[in-house]
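A quick write-up on the structure given underneath.
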Amino acid sequence: MTTITTRTVEYPADGLTMIGHLALPAGAGRRPAVLIGPEGMGLSDVERQRAEALAELGYVALAFDLHGGRYVGDPQEMLARCLPLLDDPGRMRGIGHAALDVLRAEPRTDPDRIAALGYGTGGAIALDLGRDGADLRAIGTVNALTTGRPGEAARIRCPVWAGVGSEDPIMAPAQREAFTAEMQAAGVDWRLTVYGGALHAFHHPTVDHPTVPGVGYHPRHARRAWGDVVGLLAECVPLTE
C-alpha cells in the first residue's frame, strides 16, 4: 500500500470558513488532482476516505466542504440550506472555485490535470464549474443530473460522466432527459450510466440519522460506480502522461 499524507485545509467560501480534507500521494513530484464534492449533508468520512483512496492510487485529492465544517444530518435543515444553493449558480460556483483554487495552489498538484468528482449537491457544483468554463480534464457525478441555464453547457471543456439510480425519485426520468438534452445540444462529450434498481445516494453507506425519502444504499452498484469513476480518471487524467 502506498504511503499517503492527509491534512485539513481552511479557506473562505459562501461567507463561511470551509474545512476541506486534502490527501497527498507518496513522493514529491506534481501529480494529477481530483476535487471531490459531497452530498448535501456535507463533508463526511465517506468523502474523506474517497480522497484517501484516490491518493493511494497516486492522485492529489481534495474533498471540499459545503457547510463551514458542519455535517447537516437533519433532512429539513439540509434541504433548507441546499435547495436555495442549488437555485443559485453564483453561490455554487463560488463554493466550487474556492475549493478548486485551494487544490490548484497545492504544490503537489499538476494544475493542468485536474478533474472534478461530485455526489448530489457536490456533483451539481462540479457541473456548474464546468458550465462556468473551469479548466477541468473530466467531470464525474453521481445522482446530480442538474441542468443549467440555456447555452451554458457549451462552456464545458471536458468529458462528463454521470451516474444515477434507475429508481431515484429525485433524479427521475424527466430529469435525466433534460440533462442529456442539455449536454447533447452543447456538444459535450457525455455519458450517462443508469444503475438498475438503485435509489438516490445509492453510493453512500447507510447513515444513522433520518434521510429524505427515496434514499437507499446499494453496495453492488456503489462498487460499480466507484469503478466507473476510477475508469473516467484513468482515461482523462492518467497517472502517467
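Order determines the names: the first chain of the C-alpha cells is A, the second B, and so forth; residues in each chain are numbered 1 upward, and ligands are numbered 1 upward as they are shown.
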
Quick one: residues within 10 Å of range 227-235 of chain A, only C-alpha atoms, excluding same-chain residues fewer than 2 positions away - as a ChimeraX atom specification? /A:32-34,54,57,59,114-117,137-142,159-163,193,221-225,237-240

When you look at Ile4 in chain A with a cut-off of 12 Å (counting only C-alpha atoms), what residues show up, excluding the ones that are within fewer than 5 positions of it in the same chain? I need them as an NGL selection string. :A and (22-28 or 49 or 51-61)

Resulting file, chosen residues, all heavy atoms, as a tab-separated table (two decimals), in the first residue's frame:
chain	number	residue	atom	x	y	z
A	22	LEU	N	-7.56	17.23	2.53
A	22	LEU	CA	-6.59	17.06	1.45
A	22	LEU	C	-5.81	15.78	1.67
A	22	LEU	O	-5.31	15.53	2.77
A	22	LEU	CB	-5.65	18.25	1.41
A	22	LEU	CG	-4.56	18.26	0.33
A	22	LEU	CD1	-5.19	18.45	-1.05
A	22	LEU	CD2	-3.54	19.35	0.60
A	23	ALA	N	-5.70	14.97	0.63
A	23	ALA	CA	-4.93	13.73	0.69
A	23	ALA	C	-3.86	13.77	-0.40
A	23	ALA	O	-4.16	14.06	-1.56
A	23	ALA	CB	-5.84	12.52	0.50
A	24	LEU	N	-2.63	13.49	-0.01
A	24	LEU	CA	-1.49	13.58	-0.92
A	24	LEU	C	-0.85	12.21	-1.09
A	24	LEU	O	-0.63	11.49	-0.11
A	24	LEU	CB	-0.45	14.56	-0.37
A	24	LEU	CG	-0.91	15.99	-0.12
A	24	LEU	CD1	0.18	16.78	0.58
A	24	LEU	CD2	-1.30	16.66	-1.42
A	25	PRO	N	-0.50	11.86	-2.32
A	25	PRO	CA	0.17	10.58	-2.55
A	25	PRO	C	1.62	10.65	-2.10
A	25	PRO	O	2.16	11.73	-1.81
A	25	PRO	CB	0.07	10.41	-4.07
A	25	PRO	CG	0.02	11.81	-4.60
A	25	PRO	CD	-0.73	12.61	-3.57
A	26	ALA	N	2.25	9.50	-2.05
A	26	ALA	CA	3.67	9.44	-1.71
A	26	ALA	C	4.49	10.16	-2.77
A	26	ALA	O	4.05	10.35	-3.91
A	26	ALA	CB	4.12	7.99	-1.58
A	27	GLY	N	5.69	10.57	-2.38
A	27	GLY	CA	6.58	11.21	-3.34
A	27	GLY	C	6.59	12.71	-3.17
A	27	GLY	O	6.01	13.26	-2.23
A	28	ALA	N	7.27	13.37	-4.12
A	28	ALA	CA	7.43	14.82	-4.04
A	28	ALA	C	7.02	15.54	-5.31
A	28	ALA	O	6.88	16.75	-5.31
A	28	ALA	CB	8.89	15.16	-3.70
A	49	GLN	N	-12.56	9.37	2.95
A	49	GLN	CA	-12.00	8.07	2.57
A	49	GLN	C	-11.83	7.95	1.06
A	49	GLN	O	-10.87	7.34	0.58
A	49	GLN	CB	-12.87	6.95	3.11
A	49	GLN	CG	-12.79	6.82	4.63
A	49	GLN	CD	-13.90	5.98	5.22
A	49	GLN	OE1	-14.71	5.39	4.50
A	49	GLN	NE2	-13.99	5.95	6.54
A	51	ALA	N	-11.15	10.49	-0.93
A	51	ALA	CA	-9.95	11.28	-1.23
A	51	ALA	C	-8.70	10.45	-0.93
A	51	ALA	O	-7.74	10.45	-1.72
A	51	ALA	CB	-9.96	12.57	-0.42
A	52	GLU	N	-8.72	9.75	0.19
A	52	GLU	CA	-7.55	8.94	0.55
A	52	GLU	C	-7.36	7.76	-0.41
A	52	GLU	O	-6.23	7.40	-0.74
A	52	GLU	CB	-7.70	8.47	1.99
A	52	GLU	CG	-7.59	9.63	2.98
A	52	GLU	CD	-8.01	9.28	4.39
A	52	GLU	OE1	-8.12	8.06	4.70
A	52	GLU	OE2	-8.24	10.21	5.19
A	53	ALA	N	-8.47	7.18	-0.87
A	53	ALA	CA	-8.36	6.08	-1.84
A	53	ALA	C	-7.74	6.58	-3.15
A	53	ALA	O	-6.92	5.88	-3.77
A	53	ALA	CB	-9.74	5.48	-2.10
A	54	LEU	N	-8.11	7.79	-3.57
A	54	LEU	CA	-7.51	8.34	-4.79
A	54	LEU	C	-6.04	8.67	-4.58
A	54	LEU	O	-5.22	8.50	-5.49
A	54	LEU	CB	-8.30	9.57	-5.24
A	54	LEU	CG	-9.70	9.29	-5.77
A	54	LEU	CD1	-10.42	10.60	-6.10
A	54	LEU	CD2	-9.67	8.38	-6.99
A	55	ALA	N	-5.69	9.14	-3.38
A	55	ALA	CA	-4.29	9.39	-3.09
A	55	ALA	C	-3.49	8.09	-3.11
A	55	ALA	O	-2.33	8.06	-3.56
A	55	ALA	CB	-4.14	10.09	-1.74
A	56	GLU	N	-4.10	7.01	-2.63
A	56	GLU	CA	-3.43	5.70	-2.70
A	56	GLU	C	-3.11	5.33	-4.16
A	56	GLU	O	-2.09	4.71	-4.44
A	56	GLU	CB	-4.32	4.62	-2.08
A	56	GLU	CG	-4.49	4.71	-0.58
A	56	GLU	CD	-3.31	4.16	0.19
A	56	GLU	OE1	-2.35	3.68	-0.44
A	56	GLU	OE2	-3.34	4.23	1.43
A	57	LEU	N	-4.00	5.73	-5.06
A	57	LEU	CA	-3.76	5.45	-6.48
A	57	LEU	C	-2.70	6.36	-7.07
A	57	LEU	O	-2.10	6.02	-8.11
A	57	LEU	CB	-5.07	5.61	-7.27
A	57	LEU	CG	-6.18	4.61	-6.97
A	57	LEU	CD1	-7.43	4.96	-7.77
A	57	LEU	CD2	-5.74	3.19	-7.29
A	58	GLY	N	-2.47	7.52	-6.47
A	58	GLY	CA	-1.46	8.44	-6.96
A	58	GLY	C	-1.95	9.83	-7.28
A	58	GLY	O	-1.18	10.66	-7.81
A	59	TYR	N	-3.21	10.13	-6.97
A	59	TYR	CA	-3.77	11.45	-7.22
A	59	TYR	C	-3.67	12.34	-5.98
A	59	TYR	O	-3.78	11.84	-4.86
A	59	TYR	CB	-5.25	11.35	-7.61
A	59	TYR	CG	-5.51	10.66	-8.92
A	59	TYR	CD1	-5.82	9.30	-8.95
A	59	TYR	CD2	-5.45	11.36	-10.12
A	59	TYR	CE1	-6.06	8.66	-10.16
A	59	TYR	CE2	-5.69	10.72	-11.33
A	59	TYR	CZ	-5.99	9.38	-11.34
A	59	TYR	OH	-6.22	8.74	-12.54
A	60	VAL	N	-3.50	13.64	-6.20
A	60	VAL	CA	-3.77	14.62	-5.15
A	60	VAL	C	-5.29	14.77	-5.10
A	60	VAL	O	-5.94	14.92	-6.14
A	60	VAL	CB	-3.12	15.97	-5.47
A	60	VAL	CG1	-3.50	17.03	-4.43
A	60	VAL	CG2	-1.61	15.83	-5.56
A	61	ALA	N	-5.89	14.72	-3.92
A	61	ALA	CA	-7.34	14.77	-3.83
A	61	ALA	C	-7.77	15.69	-2.70
A	61	ALA	O	-7.25	15.61	-1.59
A	61	ALA	CB	-7.92	13.37	-3.61

Please provide the set of residues having any atom within 12 Å of Gly118 in chain A, restricted to only C-alpha atoms, with same-chain residues fewer than 4 positions apart removed, written as a ChimeraX atom specification. /A:34-40,42-43,47,50-51,62-66,96,122-129,138-146,160-163,201,203,226,229

d(CA of Arg157 in chain A, CA of Ile19 in chain A) in Å: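 Spanning CA of Arg157 in chain A to CA of Ile19 in chain A is a straight-line distance of 28.1 Å.
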
Name the closest residue to Gly15 in chain A among the candidates A:Gly29, A:Gly94, A:Asp88, A:Cys82; distances are taken between atoms, counting only C-alpha atoms. A:Gly94

One number please: CA of Arg48 in chain A to CA of Arg7 in chain A, in Å, one decimal.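 Separation of CA of Arg48 in chain A and CA of Arg7 in chain A: 10.4 Å.
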
Hey, which of A:Thr8, A:Glu106, A:Val46, A:Ala98 ends up closest to Gly69 in chain A? Count only C-alpha atoms. A:Thr8

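Residue nearest Gln175 in chain A, chosen from A:Pro12, A:Val215, A:Gly148, A:Thr3 and counting only C-alpha atoms: A:Gly148.
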
So which residues touch Pro150 in chain A within 9 Å, counting only C-alpha atoms, skipping near sequence neighbours fewer than 3 positions away, as a list in words?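 The residues satisfying every condition are Thr147, Ala153 and Glu182 of chain A.
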
Expected file: the selected residues, all heavy atoms, as a compact mmCIF listing (two decimals), in the first residue's frame:
# COMPACT_ATOMS: atom_id res chain seq x y z
N THR A 147 -29.50 20.64 -14.38
CA THR A 147 -29.40 21.35 -15.65
C THR A 147 -29.07 22.81 -15.38
O THR A 147 -29.36 23.35 -14.31
CB THR A 147 -30.71 21.25 -16.46
OG1 THR A 147 -31.80 21.65 -15.62
CG2 THR A 147 -30.95 19.82 -16.91
N ALA A 153 -23.83 25.04 -20.98
CA ALA A 153 -23.08 23.79 -21.09
C ALA A 153 -22.06 23.84 -22.21
O ALA A 153 -21.10 23.05 -22.20
CB ALA A 153 -24.03 22.62 -21.29
N GLU A 182 -29.47 18.73 -22.60
CA GLU A 182 -28.57 19.88 -22.43
C GLU A 182 -27.16 19.53 -22.88
O GLU A 182 -26.52 20.30 -23.62
CB GLU A 182 -28.55 20.34 -20.98
CG GLU A 182 -27.62 21.53 -20.74
CD GLU A 182 -27.34 21.78 -19.28
OE1 GLU A 182 -27.60 20.90 -18.43
OE2 GLU A 182 -26.86 22.89 -18.98

Pick from A:Glu177, A:Asp189, A:Asp112, A:Asp74: nearest to Asp135 in chain A, with only C-alpha atoms counted?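 Result for the nearest residue to Asp135 in chain A: A:Asp112.
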
What's the 10 Å shell around Ala154 in chain A, counting only C-alpha atoms, without same-chain residues fewer than 6 positions away, as an mmCIF file with N, CA and C atoms, in the first residue's frame?
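Just written: selection30.cif:
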data_model
loop_
_atom_site.group_PDB
_atom_site.id
_atom_site.type_symbol
_atom_site.label_atom_id
_atom_site.label_comp_id
_atom_site.auth_asym_id
_atom_site.auth_seq_id
_atom_site.Cartn_x
_atom_site.Cartn_y
_atom_site.Cartn_z
ATOM 1 N N GLY A 130 -17.944 23.362 -14.559
ATOM 2 C CA GLY A 130 -17.796 23.163 -15.996
ATOM 3 C C GLY A 130 -18.568 24.190 -16.792
ATOM 4 N N ARG A 131 -19.806 24.447 -16.395
ATOM 5 C CA ARG A 131 -20.620 25.441 -17.111
ATOM 6 C C ARG A 131 -20.029 26.846 -16.994
ATOM 7 N N ASP A 132 -19.207 27.052 -15.987
ATOM 8 C CA ASP A 132 -18.554 28.345 -15.814
ATOM 9 C C ASP A 132 -17.211 28.412 -16.537
ATOM 10 N N GLY A 133 -16.882 27.357 -17.270
ATOM 11 C CA GLY A 133 -15.664 27.361 -18.066
ATOM 12 C C GLY A 133 -14.401 26.985 -17.318
ATOM 13 N N GLU A 182 -29.469 18.730 -22.595
ATOM 14 C CA GLU A 182 -28.575 19.885 -22.435
ATOM 15 C C GLU A 182 -27.160 19.535 -22.884
ATOM 16 N N MET A 183 -26.651 18.398 -22.443
ATOM 17 C CA MET A 183 -25.294 18.000 -22.806
ATOM 18 C C MET A 183 -25.175 17.800 -24.320
ATOM 19 N N GLN A 184 -26.161 17.122 -24.900
ATOM 20 C CA GLN A 184 -26.104 16.841 -26.339
ATOM 21 C C GLN A 184 -26.180 18.125 -27.163
ATOM 22 N N ALA A 185 -27.077 19.034 -26.794
ATOM 23 C CA ALA A 185 -27.221 20.280 -27.544
ATOM 24 C C ALA A 185 -25.949 21.114 -27.490
ATOM 25 N N ALA A 186 -25.186 20.986 -26.397
ATOM 26 C CA ALA A 186 -23.958 21.770 -26.239
ATOM 27 C C ALA A 186 -22.748 21.104 -26.874
ATOM 28 N N GLY A 187 -22.917 19.888 -27.387
ATOM 29 C CA GLY A 187 -21.787 19.192 -27.998
ATOM 30 C C GLY A 187 -20.792 18.646 -26.992
ATOM 31 N N VAL A 188 -21.249 18.410 -25.768
ATOM 32 C CA VAL A 188 -20.375 17.876 -24.722
ATOM 33 C C VAL A 188 -20.126 16.386 -24.977
#

Would you list, as a PDB file with N, CA and C atoms, in the first residue's frame, the residues of range 1-236 of chain A that end up in strand (DSSP E) under DSSP run on this structure's backbone?
ATOM      1  N   THR A   5      -0.298  11.083   2.852  1.00  0.00           N
ATOM      2  CA  THR A   5      -0.417  12.027   3.957  1.00  0.00           C
ATOM      3  C   THR A   5      -1.725  12.791   3.791  1.00  0.00           C
ATOM      4  N   THR A   6      -2.303  13.199   4.900  1.00  0.00           N
ATOM      5  CA  THR A   6      -3.556  13.948   4.858  1.00  0.00           C
ATOM      6  C   THR A   6      -3.459  15.153   5.783  1.00  0.00           C
ATOM      7  N   ARG A   7      -4.254  16.164   5.474  1.00  0.00           N
ATOM      8  CA  ARG A   7      -4.364  17.309   6.374  1.00  0.00           C
ATOM      9  C   ARG A   7      -5.657  18.052   6.071  1.00  0.00           C
ATOM     10  N   THR A   8      -6.139  18.777   7.060  1.00  0.00           N
ATOM     11  CA  THR A   8      -7.285  19.645   6.825  1.00  0.00           C
ATOM     12  C   THR A   8      -6.801  20.977   6.275  1.00  0.00           C
ATOM     13  N   VAL A   9      -7.645  21.597   5.459  1.00  0.00           N
ATOM     14  CA  VAL A   9      -7.331  22.908   4.896  1.00  0.00           C
ATOM     15  C   VAL A   9      -8.529  23.819   5.115  1.00  0.00           C
ATOM     16  N   GLU A  10      -8.265  25.016   5.585  1.00  0.00           N
ATOM     17  CA  GLU A  10      -9.316  26.001   5.802  1.00  0.00           C
ATOM     18  C   GLU A  10      -9.242  27.072   4.727  1.00  0.00           C
ATOM     19  N   TYR A  11     -10.419  27.499   4.249  1.00  0.00           N
ATOM     20  CA  TYR A  11     -10.471  28.509   3.210  1.00  0.00           C
ATOM     21  C   TYR A  11     -11.855  29.156   3.241  1.00  0.00           C
ATOM     22  N   PRO A  12     -11.976  30.411   2.812  1.00  0.00           N
ATOM     23  CA  PRO A  12     -13.267  31.085   2.847  1.00  0.00           C
ATOM     24  C   PRO A  12     -14.108  30.783   1.602  1.00  0.00           C
ATOM     25  N   ALA A  13     -15.414  30.619   1.804  1.00  0.00           N
ATOM     26  CA  ALA A  13     -16.356  30.457   0.693  1.00  0.00           C
ATOM     27  C   ALA A  13     -17.768  30.605   1.228  1.00  0.00           C
ATOM     28  N   LEU A  16     -18.492  31.576   4.782  1.00  0.00           N
ATOM     29  CA  LEU A  16     -18.130  30.638   5.837  1.00  0.00           C
ATOM     30  C   LEU A  16     -16.648  30.307   5.767  1.00  0.00           C
ATOM     31  N   THR A  17     -16.130  29.741   6.840  1.00  0.00           N
ATOM     32  CA  THR A  17     -14.794  29.154   6.818  1.00  0.00           C
ATOM     33  C   THR A  17     -14.957  27.671   6.536  1.00  0.00           C
ATOM     34  N   MET A  18     -14.609  27.270   5.326  1.00  0.00           N
ATOM     35  CA  MET A  18     -14.737  25.872   4.932  1.00  0.00           C
ATOM     36  C   MET A  18     -13.533  25.075   5.423  1.00  0.00           C
ATOM     37  N   ILE A  19     -13.781  23.808   5.717  1.00  0.00           N
ATOM     38  CA  ILE A  19     -12.722  22.918   6.207  1.00  0.00           C
ATOM     39  C   ILE A  19     -12.698  21.684   5.310  1.00  0.00           C
ATOM     40  N   GLY A  20     -11.765  21.656   4.379  1.00  0.00           N
ATOM     41  CA  GLY A  20     -11.648  20.545   3.449  1.00  0.00           C
ATOM     42  C   GLY A  20     -10.656  19.504   3.933  1.00  0.00           C
ATOM     43  N   HIS A  21     -10.628  18.390   3.230  1.00  0.00           N
ATOM     44  CA  HIS A  21      -9.746  17.264   3.572  1.00  0.00           C
ATOM     45  C   HIS A  21      -8.863  16.984   2.362  1.00  0.00           C
ATOM     46  N   LEU A  22      -7.565  17.225   2.529  1.00  0.00           N
ATOM     47  CA  LEU A  22      -6.590  17.057   1.448  1.00  0.00           C
ATOM     48  C   LEU A  22      -5.808  15.777   1.668  1.00  0.00           C
ATOM     49  N   ALA A  23      -5.702  14.968   0.631  1.00  0.00           N
ATOM     50  CA  ALA A  23      -4.928  13.726   0.688  1.00  0.00           C
ATOM     51  C   ALA A  23      -3.862  13.767  -0.396  1.00  0.00           C
ATOM     52  N   LEU A  24      -2.630  13.492  -0.005  1.00  0.00           N
ATOM     53  CA  LEU A  24      -1.491  13.581  -0.916  1.00  0.00           C
ATOM     54  C   LEU A  24      -0.847  12.214  -1.088  1.00  0.00           C
ATOM     55  N   ARG A  31       1.364  15.771  -9.323  1.00  0.00           N
ATOM     56  CA  ARG A  31       0.507  14.670  -9.738  1.00  0.00           C
ATOM     57  C   ARG A  31      -0.818  15.230 -10.238  1.00  0.00           C
ATOM     58  N   PRO A  32      -1.535  14.488 -11.066  1.00  0.00           N
ATOM     59  CA  PRO A  32      -2.905  14.896 -11.401  1.00  0.00           C
ATOM     60  C   PRO A  32      -3.750  14.941 -10.137  1.00  0.00           C
ATOM     61  N   ALA A  33      -4.818  15.739 -10.185  1.00  0.00           N
ATOM     62  CA  ALA A  33      -5.570  16.011  -8.964  1.00  0.00           C
ATOM     63  C   ALA A  33      -7.064  15.870  -9.198  1.00  0.00           C
ATOM     64  N   VAL A  34      -7.789  15.616  -8.114  1.00  0.00           N
ATOM     65  CA  VAL A  34      -9.234  15.436  -8.166  1.00  0.00           C
ATOM     66  C   VAL A  34      -9.884  16.250  -7.054  1.00  0.00           C
ATOM     67  N   LEU A  35     -10.872  17.042  -7.435  1.00  0.00           N
ATOM     68  CA  LEU A  35     -11.705  17.766  -6.487  1.00  0.00           C
ATOM     69  C   LEU A  35     -12.951  16.929  -6.229  1.00  0.00           C
ATOM     70  N   ILE A  36     -13.303  16.717  -4.958  1.00  0.00           N
ATOM     71  CA  ILE A  36     -14.394  15.817  -4.599  1.00  0.00           C
ATOM     72  C   ILE A  36     -15.460  16.597  -3.827  1.00  0.00           C
ATOM     73  N   GLY A  37     -16.683  16.607  -4.348  1.00  0.00           N
ATOM     74  CA  GLY A  37     -17.786  17.299  -3.690  1.00  0.00           C
ATOM     75  C   GLY A  37     -18.727  16.328  -3.001  1.00  0.00           C
ATOM     76  N   VAL A  60      -3.496  13.638  -6.198  1.00  0.00           N
ATOM     77  CA  VAL A  60      -3.772  14.620  -5.152  1.00  0.00           C
ATOM     78  C   VAL A  60      -5.293  14.772  -5.099  1.00  0.00           C
ATOM     79  N   ALA A  61      -5.885  14.721  -3.924  1.00  0.00           N
ATOM     80  CA  ALA A  61      -7.344  14.770  -3.835  1.00  0.00           C
ATOM     81  C   ALA A  61      -7.775  15.693  -2.703  1.00  0.00           C
ATOM     82  N   LEU A  62      -8.726  16.559  -3.014  1.00  0.00           N
ATOM     83  CA  LEU A  62      -9.304  17.464  -2.020  1.00  0.00           C
ATOM     84  C   LEU A  62     -10.802  17.245  -1.955  1.00  0.00           C
ATOM     85  N   ALA A  63     -11.284  16.777  -0.808  1.00  0.00           N
ATOM     86  CA  ALA A  63     -12.719  16.682  -0.556  1.00  0.00           C
ATOM     87  C   ALA A  63     -13.155  18.005   0.052  1.00  0.00           C
ATOM     88  N   THR A 109       0.053  19.486  -6.821  1.00  0.00           N
ATOM     89  CA  THR A 109      -0.939  19.412  -7.892  1.00  0.00           C
ATOM     90  C   THR A 109      -0.348  19.843  -9.225  1.00  0.00           C
ATOM     91  N   ASP A 110      -0.588  19.053 -10.254  1.00  0.00           N
ATOM     92  CA  ASP A 110      -0.332  19.489 -11.631  1.00  0.00           C
ATOM     93  C   ASP A 110      -1.542  20.331 -12.040  1.00  0.00           C
ATOM     94  N   PRO A 111      -1.395  21.641 -12.160  1.00  0.00           N
ATOM     95  CA  PRO A 111      -2.568  22.490 -12.393  1.00  0.00           C
ATOM     96  C   PRO A 111      -3.208  22.286 -13.756  1.00  0.00           C
ATOM     97  N   ASP A 112      -2.526  21.603 -14.649  1.00  0.00           N
ATOM     98  CA  ASP A 112      -3.078  21.349 -15.977  1.00  0.00           C
ATOM     99  C   ASP A 112      -3.809  20.016 -16.064  1.00  0.00           C
ATOM    100  N   ARG A 113      -3.870  19.280 -14.943  1.00  0.00           N
ATOM    101  CA  ARG A 113      -4.514  17.961 -14.961  1.00  0.00           C
ATOM    102  C   ARG A 113      -5.371  17.807 -13.702  1.00  0.00           C
ATOM    103  N   ILE A 114      -6.521  18.460 -13.719  1.00  0.00           N
ATOM    104  CA  ILE A 114      -7.444  18.407 -12.584  1.00  0.00           C
ATOM    105  C   ILE A 114      -8.811  17.937 -13.068  1.00  0.00           C
ATOM    106  N   ALA A 115      -9.404  17.019 -12.326  1.00  0.00           N
ATOM    107  CA  ALA A 115     -10.764  16.549 -12.591  1.00  0.00           C
ATOM    108  C   ALA A 115     -11.634  16.908 -11.398  1.00  0.00           C
ATOM    109  N   ALA A 116     -12.945  16.979 -11.623  1.00  0.00           N
ATOM    110  CA  ALA A 116     -13.905  17.233 -10.540  1.00  0.00           C
ATOM    111  C   ALA A 116     -14.865  16.060 -10.450  1.00  0.00           C
ATOM    112  N   LEU A 117     -15.083  15.599  -9.238  1.00  0.00           N
ATOM    113  CA  LEU A 117     -15.979  14.483  -8.943  1.00  0.00           C
ATOM    114  C   LEU A 117     -16.941  14.938  -7.862  1.00  0.00           C
ATOM    115  N   GLY A 118     -18.233  14.703  -8.050  1.00  0.00           N
ATOM    116  CA  GLY A 118     -19.169  15.155  -7.032  1.00  0.00           C
ATOM    117  C   GLY A 118     -20.381  14.257  -6.903  1.00  0.00           C
ATOM    118  N   TYR A 119     -20.939  14.274  -5.701  1.00  0.00           N
ATOM    119  CA  TYR A 119     -22.100  13.467  -5.350  1.00  0.00           C
ATOM    120  C   TYR A 119     -23.225  14.401  -4.896  1.00  0.00           C
ATOM    121  N   ALA A 138     -11.944  16.407 -16.599  1.00  0.00           N
ATOM    122  CA  ALA A 138     -13.095  15.500 -16.554  1.00  0.00           C
ATOM    123  C   ALA A 138     -14.012  15.960 -15.442  1.00  0.00           C
ATOM    124  N   ILE A 139     -15.300  15.671 -15.616  1.00  0.00           N
ATOM    125  CA  ILE A 139     -16.291  15.884 -14.563  1.00  0.00           C
ATOM    126  C   ILE A 139     -17.060  14.585 -14.394  1.00  0.00           C
ATOM    127  N   GLY A 140     -17.099  14.079 -13.164  1.00  0.00           N
ATOM    128  CA  GLY A 140     -17.873  12.890 -12.859  1.00  0.00           C
ATOM    129  C   GLY A 140     -18.873  13.197 -11.764  1.00  0.00           C
ATOM    130  N   THR A 141     -20.106  12.745 -11.925  1.00  0.00           N
ATOM    131  CA  THR A 141     -21.130  12.989 -10.913  1.00  0.00           C
ATOM    132  C   THR A 141     -21.928  11.719 -10.656  1.00  0.00           C
ATOM    133  N   VAL A 142     -22.458  11.630  -9.447  1.00  0.00           N
ATOM    134  CA  VAL A 142     -23.395  10.567  -9.098  1.00  0.00           C
ATOM    135  C   VAL A 142     -24.622  11.227  -8.477  1.00  0.00           C
ATOM    136  N   VAL A 160     -17.873  14.505 -19.631  1.00  0.00           N
ATOM    137  CA  VAL A 160     -18.741  14.448 -18.453  1.00  0.00           C
ATOM    138  C   VAL A 160     -19.311  13.037 -18.342  1.00  0.00           C
ATOM    139  N   TRP A 161     -19.142  12.433 -17.166  1.00  0.00           N
ATOM    140  CA  TRP A 161     -19.783  11.144 -16.878  1.00  0.00           C
ATOM    141  C   TRP A 161     -20.747  11.360 -15.728  1.00  0.00           C
ATOM    142  N   ALA A 162     -21.942  10.802 -15.846  1.00  0.00           N
ATOM    143  CA  ALA A 162     -22.951  10.908 -14.794  1.00  0.00           C
ATOM    144  C   ALA A 162     -23.518   9.526 -14.507  1.00  0.00           C
ATOM    145  N   GLY A 163     -23.696   9.244 -13.221  1.00  0.00           N
ATOM    146  CA  GLY A 163     -24.327   8.001 -12.802  1.00  0.00           C
ATOM    147  C   GLY A 163     -25.587   8.304 -12.017  1.00  0.00           C
ATOM    148  N   VAL A 164     -26.604   7.458 -12.181  1.00  0.00           N
ATOM    149  CA  VAL A 164     -27.877   7.676 -11.490  1.00  0.00           C
ATOM    150  C   VAL A 164     -28.569   6.332 -11.295  1.00  0.00           C
ATOM    151  N   GLY A 165     -29.306   6.211 -10.198  1.00  0.00           N
ATOM    152  CA  GLY A 165     -30.088   5.001  -9.972  1.00  0.00           C
ATOM    153  C   GLY A 165     -31.378   5.022 -10.766  1.00  0.00           C
ATOM    154  N   TRP A 190     -20.405  13.367 -23.431  1.00  0.00           N
ATOM    155  CA  TRP A 190     -21.080  12.969 -22.205  1.00  0.00           C
ATOM    156  C   TRP A 190     -21.439  11.488 -22.216  1.00  0.00           C
ATOM    157  N   ARG A 191     -21.560  10.952 -21.006  1.00  0.00           N
ATOM    158  CA  ARG A 191     -22.027   9.579 -20.800  1.00  0.00           C
ATOM    159  C   ARG A 191     -22.954   9.562 -19.595  1.00  0.00           C
ATOM    160  N   LEU A 192     -23.977   8.733 -19.658  1.00  0.00           N
ATOM    161  CA  LEU A 192     -24.885   8.536 -18.533  1.00  0.00           C
ATOM    162  C   LEU A 192     -24.994   7.039 -18.264  1.00  0.00           C
ATOM    163  N   THR A 193     -24.719   6.645 -17.028  1.00  0.00           N
ATOM    164  CA  THR A 193     -24.863   5.258 -16.607  1.00  0.00           C
ATOM    165  C   THR A 193     -26.040   5.169 -15.649  1.00  0.00           C
ATOM    166  N   VAL A 194     -27.009   4.310 -15.976  1.00  0.00           N
ATOM    167  CA  VAL A 194     -28.176   4.097 -15.116  1.00  0.00           C
ATOM    168  C   VAL A 194     -28.002   2.753 -14.420  1.00  0.00           C
ATOM    169  N   TYR A 195     -28.001   2.787 -13.093  1.00  0.00           N
ATOM    170  CA  TYR A 195     -27.781   1.585 -12.290  1.00  0.00           C
ATOM    171  C   TYR A 195     -29.136   1.001 -11.894  1.00  0.00           C
TER     172      TYR A 195
END

Just the helix (DSSP H, G or I) stuff from range 45-222 of chain A, please, per backbone DSSP, written as a count of residues only. 74
